[in-house]
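Next up, my_file07.cif (mmCIF, C-alpha atoms):
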```cif
data_my_file
#
loop_
_atom_site.group_PDB
_atom_site.id
_atom_site.type_symbol
_atom_site.label_atom_id
_atom_site.label_comp_id
_atom_site.auth_asym_id
_atom_site.auth_seq_id
_atom_site.Cartn_x
_atom_site.Cartn_y
_atom_site.Cartn_z
ATOM 1 C CA MET A 1 -69.574 -3.801 -18.001
ATOM 2 C CA LEU A 2 -67.963 -0.523 -16.957
ATOM 3 C CA ARG A 3 -70.154 2.582 -16.972
ATOM 4 C CA PHE A 4 -69.257 6.220 -16.425
ATOM 5 C CA GLU A 5 -72.368 8.352 -15.855
ATOM 6 C CA GLN A 6 -71.863 12.120 -16.109
ATOM 7 C CA VAL A 7 -68.458 11.842 -14.458
ATOM 8 C CA SER A 8 -66.575 15.030 -13.693
ATOM 9 C CA PHE A 9 -63.122 15.310 -12.183
ATOM 10 C CA SER A 10 -60.983 18.248 -11.149
ATOM 11 C CA TYR A 11 -57.442 18.643 -9.895
ATOM 12 C CA GLY A 12 -58.056 21.564 -7.566
ATOM 13 C CA LYS A 13 -59.620 24.288 -9.727
ATOM 14 C CA ARG A 14 -58.572 22.670 -13.013
ATOM 15 C CA VAL A 15 -61.476 20.749 -14.531
ATOM 16 C CA VAL A 16 -60.216 17.711 -16.462
ATOM 17 C CA LEU A 17 -63.488 15.874 -17.129
ATOM 18 C CA ASN A 18 -66.920 17.455 -17.320
ATOM 19 C CA ASP A 19 -70.057 15.240 -17.458
ATOM 20 C CA PHE A 20 -68.232 12.434 -19.262
ATOM 21 C CA SER A 21 -70.284 9.293 -19.970
ATOM 22 C CA PHE A 22 -69.468 6.030 -21.707
ATOM 23 C CA THR A 23 -70.013 2.289 -21.378
ATOM 24 C CA LEU A 24 -67.443 -0.433 -21.946
ATOM 25 C CA HIS A 25 -68.991 -3.835 -22.584
ATOM 26 C CA ASP A 26 -67.607 -7.270 -21.762
ATOM 27 C CA GLY A 27 -64.911 -8.249 -24.245
ATOM 28 C CA GLU A 28 -64.837 -4.794 -25.887
ATOM 29 C CA LEU A 29 -61.628 -3.025 -26.866
ATOM 30 C CA LEU A 30 -61.789 0.764 -26.687
ATOM 31 C CA ALA A 31 -59.201 3.416 -27.564
ATOM 32 C CA LEU A 32 -58.994 6.848 -25.942
ATOM 33 C CA MET A 33 -57.280 9.611 -27.873
ATOM 34 C CA GLY A 34 -56.875 13.331 -27.395
ATOM 35 C CA ALA A 35 -54.451 16.110 -26.627
ATOM 36 C CA SER A 36 -52.320 16.126 -23.499
ATOM 37 C CA GLY A 37 -54.421 17.259 -20.560
ATOM 38 C CA SER A 38 -57.710 16.063 -22.085
ATOM 39 C CA GLY A 39 -58.256 13.478 -19.348
ATOM 40 C CA LYS A 40 -57.215 10.171 -20.946
ATOM 41 C CA THR A 41 -55.015 9.002 -18.073
ATOM 42 C CA THR A 42 -57.500 10.401 -15.546
ATOM 43 C CA ILE A 43 -60.217 8.173 -17.061
ATOM 44 C CA LEU A 44 -57.978 5.132 -16.638
ATOM 45 C CA HIS A 45 -57.195 6.072 -13.036
ATOM 46 C CA LEU A 46 -60.901 6.565 -12.319
ATOM 47 C CA ALA A 47 -61.723 3.212 -13.934
ATOM 48 C CA ALA A 48 -59.033 1.557 -11.821
ATOM 49 C CA GLY A 49 -60.356 3.126 -8.630
ATOM 50 C CA LEU A 50 -57.159 5.119 -8.106
ATOM 51 C CA LEU A 51 -59.163 8.372 -8.229
ATOM 52 C CA THR A 52 -62.693 9.260 -7.098
ATOM 53 C CA PRO A 53 -64.966 11.380 -9.322
ATOM 54 C CA THR A 54 -65.712 14.946 -8.256
ATOM 55 C CA SER A 55 -69.278 14.190 -9.370
ATOM 56 C CA GLY A 56 -71.108 11.527 -11.323
ATOM 57 C CA LYS A 57 -71.104 7.771 -10.936
ATOM 58 C CA ILE A 58 -68.858 4.885 -12.004
ATOM 59 C CA GLU A 59 -70.188 1.328 -11.963
ATOM 60 C CA SER A 60 -68.274 -1.813 -12.892
ATOM 61 C CA ASP A 61 -69.064 -5.518 -13.030
ATOM 62 C CA PHE A 62 -65.448 -6.280 -13.896
ATOM 63 C CA LEU A 63 -62.842 -7.708 -11.570
ATOM 64 C CA PRO A 64 -60.204 -5.257 -10.306
ATOM 65 C CA PRO A 65 -58.294 -4.273 -13.467
ATOM 66 C CA ALA A 66 -54.709 -4.789 -14.521
ATOM 67 C CA VAL A 67 -53.165 -1.379 -15.187
ATOM 68 C CA VAL A 68 -50.131 -0.713 -17.365
ATOM 69 C CA PHE A 69 -48.887 2.790 -16.602
ATOM 70 C CA GLN A 70 -46.890 5.023 -18.955
ATOM 71 C CA GLU A 71 -43.719 4.198 -17.028
ATOM 72 C CA PRO A 72 -42.999 0.462 -16.547
ATOM 73 C CA ARG A 73 -43.062 0.326 -12.687
ATOM 74 C CA LEU A 74 -41.159 -2.955 -12.483
ATOM 75 C CA PHE A 75 -39.671 -4.068 -9.176
ATOM 76 C CA PRO A 76 -35.959 -3.270 -9.661
ATOM 77 C CA HIS A 77 -34.740 -5.960 -7.246
ATOM 78 C CA LEU A 78 -36.615 -8.758 -9.079
ATOM 79 C CA THR A 79 -35.820 -10.444 -12.375
ATOM 80 C CA VAL A 80 -38.324 -10.206 -15.214
ATOM 81 C CA ARG A 81 -39.574 -13.707 -14.374
ATOM 82 C CA GLU A 82 -39.952 -12.752 -10.696
ATOM 83 C CA ASN A 83 -41.763 -9.527 -11.637
ATOM 84 C CA LEU A 84 -44.315 -11.586 -13.553
ATOM 85 C CA ALA A 85 -44.682 -14.140 -10.758
ATOM 86 C CA ALA A 86 -45.398 -11.293 -8.314
ATOM 87 C CA VAL A 87 -48.965 -10.894 -9.631
ATOM 88 C CA GLN A 88 -49.785 -14.598 -9.497
ATOM 89 C CA GLU A 89 -51.429 -16.174 -6.474
ATOM 90 C CA LYS A 90 -49.460 -19.339 -7.154
ATOM 91 C CA THR A 91 -46.484 -19.265 -9.515
ATOM 92 C CA ASP A 92 -47.397 -20.740 -12.890
ATOM 93 C CA GLU A 93 -44.141 -21.096 -14.791
ATOM 94 C CA LYS A 94 -45.830 -22.074 -18.065
ATOM 95 C CA ALA A 95 -48.071 -18.987 -17.977
ATOM 96 C CA ILE A 96 -45.020 -16.811 -17.250
ATOM 97 C CA LEU A 97 -43.104 -18.274 -20.194
ATOM 98 C CA ASP A 98 -46.149 -17.899 -22.468
ATOM 99 C CA ALA A 99 -46.557 -14.220 -21.495
ATOM 100 C CA LEU A 100 -42.851 -13.583 -22.084
ATOM 101 C CA ALA A 101 -43.084 -15.262 -25.500
ATOM 102 C CA LEU A 102 -46.091 -13.082 -26.444
ATOM 103 C CA MET A 103 -43.998 -10.007 -25.670
ATOM 104 C CA ALA A 104 -40.845 -11.398 -27.368
ATOM 105 C CA LEU A 105 -38.927 -11.444 -24.072
ATOM 106 C CA SER A 106 -38.266 -15.151 -23.548
ATOM 107 C CA GLU A 107 -34.479 -14.781 -23.541
ATOM 108 C CA TRP A 108 -34.657 -11.987 -20.938
ATOM 109 C CA ALA A 109 -36.574 -13.906 -18.253
ATOM 110 C CA ASP A 110 -33.680 -13.825 -15.783
ATOM 111 C CA ALA A 111 -32.549 -10.261 -16.457
ATOM 112 C CA TYR A 112 -33.142 -7.404 -14.045
ATOM 113 C CA PRO A 113 -35.069 -4.297 -15.176
ATOM 114 C CA LYS A 114 -31.896 -2.163 -15.255
ATOM 115 C CA GLU A 115 -30.491 -4.566 -17.878
ATOM 116 C CA LEU A 116 -33.433 -3.939 -20.218
ATOM 117 C CA SER A 117 -34.030 -1.128 -22.695
ATOM 118 C CA GLY A 118 -37.038 1.144 -22.164
ATOM 119 C CA GLY A 119 -39.030 -0.768 -24.770
ATOM 120 C CA MET A 120 -38.195 -4.096 -23.165
ATOM 121 C CA GLN A 121 -39.268 -2.775 -19.757
ATOM 122 C CA SER A 122 -42.579 -1.706 -21.305
ATOM 123 C CA ARG A 123 -43.060 -5.183 -22.764
ATOM 124 C CA ALA A 124 -42.223 -6.759 -19.394
ATOM 125 C CA SER A 125 -44.918 -4.582 -17.793
ATOM 126 C CA LEU A 126 -47.399 -5.721 -20.433
ATOM 127 C CA ALA A 127 -46.449 -9.363 -19.878
ATOM 128 C CA ARG A 128 -46.947 -8.942 -16.130
ATOM 129 C CA ALA A 129 -50.388 -7.373 -16.678
ATOM 130 C CA LEU A 130 -51.455 -10.348 -18.782
ATOM 131 C CA LEU A 131 -50.899 -12.630 -15.775
ATOM 132 C CA PHE A 132 -53.051 -10.542 -13.437
ATOM 133 C CA PRO A 133 -56.338 -12.364 -12.697
ATOM 134 C CA THR A 134 -58.826 -9.990 -14.306
ATOM 135 C CA ASP A 135 -61.239 -9.447 -17.188
ATOM 136 C CA LEU A 136 -60.369 -5.746 -17.642
ATOM 137 C CA TYR A 137 -57.061 -4.282 -18.808
ATOM 138 C CA LEU A 138 -56.154 -0.588 -18.781
ATOM 139 C CA PHE A 139 -53.197 0.395 -20.965
ATOM 140 C CA ASP A 140 -51.730 3.914 -20.722
ATOM 141 C CA GLU A 141 -49.560 4.472 -23.818
ATOM 142 C CA PRO A 142 -47.792 1.113 -23.452
ATOM 143 C CA PHE A 143 -46.194 1.187 -26.917
ATOM 144 C CA GLY A 144 -44.426 4.550 -26.692
ATOM 145 C CA ALA A 145 -40.940 3.081 -26.292
ATOM 146 C CA LEU A 146 -41.342 0.373 -28.953
ATOM 147 C CA ASP A 147 -40.017 0.452 -32.501
ATOM 148 C CA GLU A 148 -42.619 0.017 -35.248
ATOM 149 C CA GLU A 149 -41.888 -3.644 -36.030
ATOM 150 C CA THR A 150 -41.951 -4.692 -32.367
ATOM 151 C CA LYS A 151 -45.078 -2.619 -31.744
ATOM 152 C CA ARG A 152 -46.975 -4.336 -34.566
ATOM 153 C CA LYS A 153 -46.015 -7.761 -33.229
ATOM 154 C CA VAL A 154 -46.910 -6.867 -29.620
ATOM 155 C CA LEU A 155 -50.233 -5.299 -30.678
ATOM 156 C CA THR A 156 -51.192 -8.391 -32.665
ATOM 157 C CA ASN A 157 -50.269 -10.724 -29.801
ATOM 158 C CA LEU A 158 -52.021 -8.542 -27.247
ATOM 159 C CA LYS A 159 -55.266 -8.457 -29.238
ATOM 160 C CA ALA A 160 -55.154 -12.241 -29.729
ATOM 161 C CA PHE A 161 -54.631 -12.756 -25.983
ATOM 162 C CA LEU A 162 -57.561 -10.468 -25.082
ATOM 163 C CA ALA A 163 -59.838 -12.112 -27.663
ATOM 164 C CA GLU A 164 -58.988 -15.604 -26.429
ATOM 165 C CA LYS A 165 -59.656 -14.555 -22.835
ATOM 166 C CA GLY A 166 -62.790 -12.583 -23.743
ATOM 167 C CA ALA A 167 -61.428 -9.633 -21.761
ATOM 168 C CA ALA A 168 -62.211 -5.944 -22.167
ATOM 169 C CA ALA A 169 -59.538 -3.279 -22.463
ATOM 170 C CA ILE A 170 -59.033 0.456 -22.770
ATOM 171 C CA LEU A 171 -55.979 1.750 -24.611
ATOM 172 C CA VAL A 172 -54.803 5.339 -24.187
ATOM 173 C CA THR A 173 -52.698 6.424 -27.142
ATOM 174 C CA HIS A 174 -51.656 9.475 -29.149
ATOM 175 C CA GLN A 175 -51.166 7.324 -32.256
ATOM 176 C CA ASN A 176 -54.198 6.999 -34.524
ATOM 177 C CA GLU A 177 -52.737 3.908 -36.222
ATOM 178 C CA ASP A 178 -52.416 2.170 -32.832
ATOM 179 C CA ALA A 179 -56.021 3.031 -31.986
ATOM 180 C CA GLU A 180 -57.197 1.767 -35.389
ATOM 181 C CA ALA A 181 -55.243 -1.476 -35.013
ATOM 182 C CA PHE A 182 -56.408 -2.085 -31.439
ATOM 183 C CA ALA A 183 -60.044 -1.055 -31.110
ATOM 184 C CA LYS A 184 -63.314 -0.977 -33.013
ATOM 185 C CA ARG A 185 -64.473 2.046 -31.035
ATOM 186 C CA LYS A 186 -62.517 5.214 -30.312
ATOM 187 C CA PHE A 187 -63.146 8.261 -28.165
ATOM 188 C CA PHE A 188 -61.487 11.559 -29.033
ATOM 189 C CA LEU A 189 -61.271 13.741 -25.938
ATOM 190 C CA THR A 190 -60.964 17.497 -25.861
ATOM 191 C CA THR A 191 -59.870 19.623 -22.916
ATOM 192 C CA ALA A 192 -62.679 20.508 -20.510
ATOM 193 C CA ASP A 193 -61.946 24.264 -20.475
#
```
Please go through the file and, once you have read it, give me the structure as structure tokens.
Amino acid sequence: MLRFEQVSFSYGKRVVLNDFSFTLHDGELLALMGASGSGKTTILHLAAGLLTPTSGKIESDFLPPAVVFQEPRLFPHLTVRENLAAVQEKTDEKAILDALALMALSEWADAYPKELSGGMQSRASLARALLFPTDLYLFDEPFGALDEETKRKVLTNLKAFLAEKGAAAILVTHQNEDAEAFAKRKFFLTTAD
């Protein structure tokens, strides 16, 4: 379980979150929506431990989370296969191939990030996250560079993977249809000022 209790966060004088509370249960899929600047990405960064609240408390029983950022953040000097192996304690080739298949990237295993389109880089980042040893996944607009058909396929595969693993996840998105397809519960955030 992940719990935010009256969490506030400011960047200098700009208040982004003000007394924000929610609980994410084991195996739950949650979507965060809202205008730019409403704190969606900040919530993910707080949940990941990348930021510390200005006030309030965050408690988590989850393992350290896998985070998929808005930009892919692949290692440019490694192939897609090597990028995926980088998060494994011991290389598991079958798990790598399975993750690539889920993201429809099997034929690009030996390509370098610069050889991939933006959407393919996003899918490679998602595939890498799936191999991270965790029970909590944090996705920050991971489908932005995907065409509709690919997005539907990736969303379906991603949900099936999370359900099979019994993992929890938070998806940040601007797309209501993505939120509806991904999560049973949604939060709509407004700006704190």
Explicit residues for the PyMOL selection byres ((chain A and resi 33-49) around 7) (as number ranges by chain)
A: 16-17, 31-32, 50-53, 65, 138, 140, 172-174, 187-192
Counting all atoms listed in the file, which of A:Leu146, A:Leu30, A:Val87, A:Ala101 gets nearest to Gln121 of chain A?
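The closest residue to Gln121 of chain A is A:Leu146.
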Restricting the calculation to all atoms listed in the file: of A:Val7, A:Ala111, A:Val68, A:Leu29, which residue gets closest to Ala179 of chain A?
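Smallest separation from Ala179 of chain A among the options: A:Leu29.
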Nearest residue to Pro133 of chain A from the set A:Gln88, A:Thr23, A:Asn83, A:Gln70 (distances using all atoms listed in the file):
A:Gln88
Residue neighbourhood Ser122 of chain A, 8 Å, only C-alpha atoms, exclusion window fewer than 6 positions, as a ChimeraX atom specification:
/A:71-72,142-143,145
If the PyMOL selection byres ((chain A and resi 117-120) around 12) were run on this exact file, what residues would it hold? Put them as a ChimeraX atom specification.
/A:70-74,80,100,103-109,111-116,121-127,141-151,154
If you apply the PyMOL selection byres ((chain A and resi 181) around 10) to this file, what residues do you get, as a list in words?
Ala31, Arg152, Leu155, Thr156, Lys159, Asn176, Glu177, Asp178, Ala179, Glu180, Phe182, Ala183 and Lys184 of chain A
